[in-house]
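In what follows, a single structure is set out as structure tokens and then discussed.
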Amino acid sequence: MLMTFLEQIMHADQKIFKKYIIILISSIMIGFVFITWQYYTKVTWYKKKIVLLNYVRQEARELREKMVQVQTQRSRVNTMLEEEADFKIAGYFNNVLINLHLIDNKKIEETSQINREDNYRESELITTLTNLDMKQITELLYEIEQKKRIYIKKLEIEKSKKNKNKLDVNLIIATLLHKEIE
């Protein structure tokens with residue numbers, strides 16, 4: 001069959017021969033364009049997949065680093081909690097106030113405990129101190145920050161209502177405790 005087709009082309013006049021050659025060259029060009037298009041489509045698809053894979057890999061790496069960091073912090077917190085198992089935030093705060101001669105400036109103090117979703121509960125101390133100057137406030141904050149176990153949740157400083165040269169402080173400090181097993 002191929003031979004008869006080739007014989008027809010060989011015996012065809014020049015016009016029909018050109019027509020067959022143009023069809024042949026066009027078919028080859030279309031095939032080449034199609035193959036090239038397929039190639040670059042696949043290459044683009046694989047490049048996008050590689051970019052996505054690298055992004056997911058980077059996210060996984062960052063999550064792993066955060067996980068290690070959280071585990072390290074949790075280990076430090078557990079060690080700190082075990083070292084001072086009977087720690088009382090109100091007692092510690094009162095000792096700081098006595099040492100800084102600020103016990104008479106304390107007006108309100110209340111404590112509460114909040115169970116958290118993790119293995120801890122949070123013990124808060126809410127207090128108001130009145131008629132302090134900036135030096136006394138900075139000394140108090142410095143002493144609180146020296147105790148790694150305690151953190152400041154909220155600090156409000158405002159002008160004293162009684163003495164315009166003094167300040168009133170509303171302070172919430174907290175610490176973590178092991179959650180009691182029920």
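Note on naming: chains are A, B, ... as they come in the structure tokens, residues start from 1 per chain, ligands start from 1 in the order shown.
Neighbouring residues of stretch 73-89 of chain A at 10 Å or closer, counting only C-alpha atoms and skipping chain neighbours under 6 positions away, are Met67, Asn95, Thr111, Asn119, Tyr120, Ser123, Glu124, Leu125, Lys148, Arg149, Ile150, Ile173, Ala174, Thr175, Leu176, Leu177 and His178 of chain A.
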Going by DSSP on the backbone, which residues of chain A come out as strand (DSSP E or B)? List them as a PyMOL selection string. chain A and resi 106-115+120-132+150-159+167-178
Counting only C-alpha atoms, the residue among A:Leu129, A:Ile21, A:Val68, A:Val33 that lies closest to A:Lys107 is A:Leu129
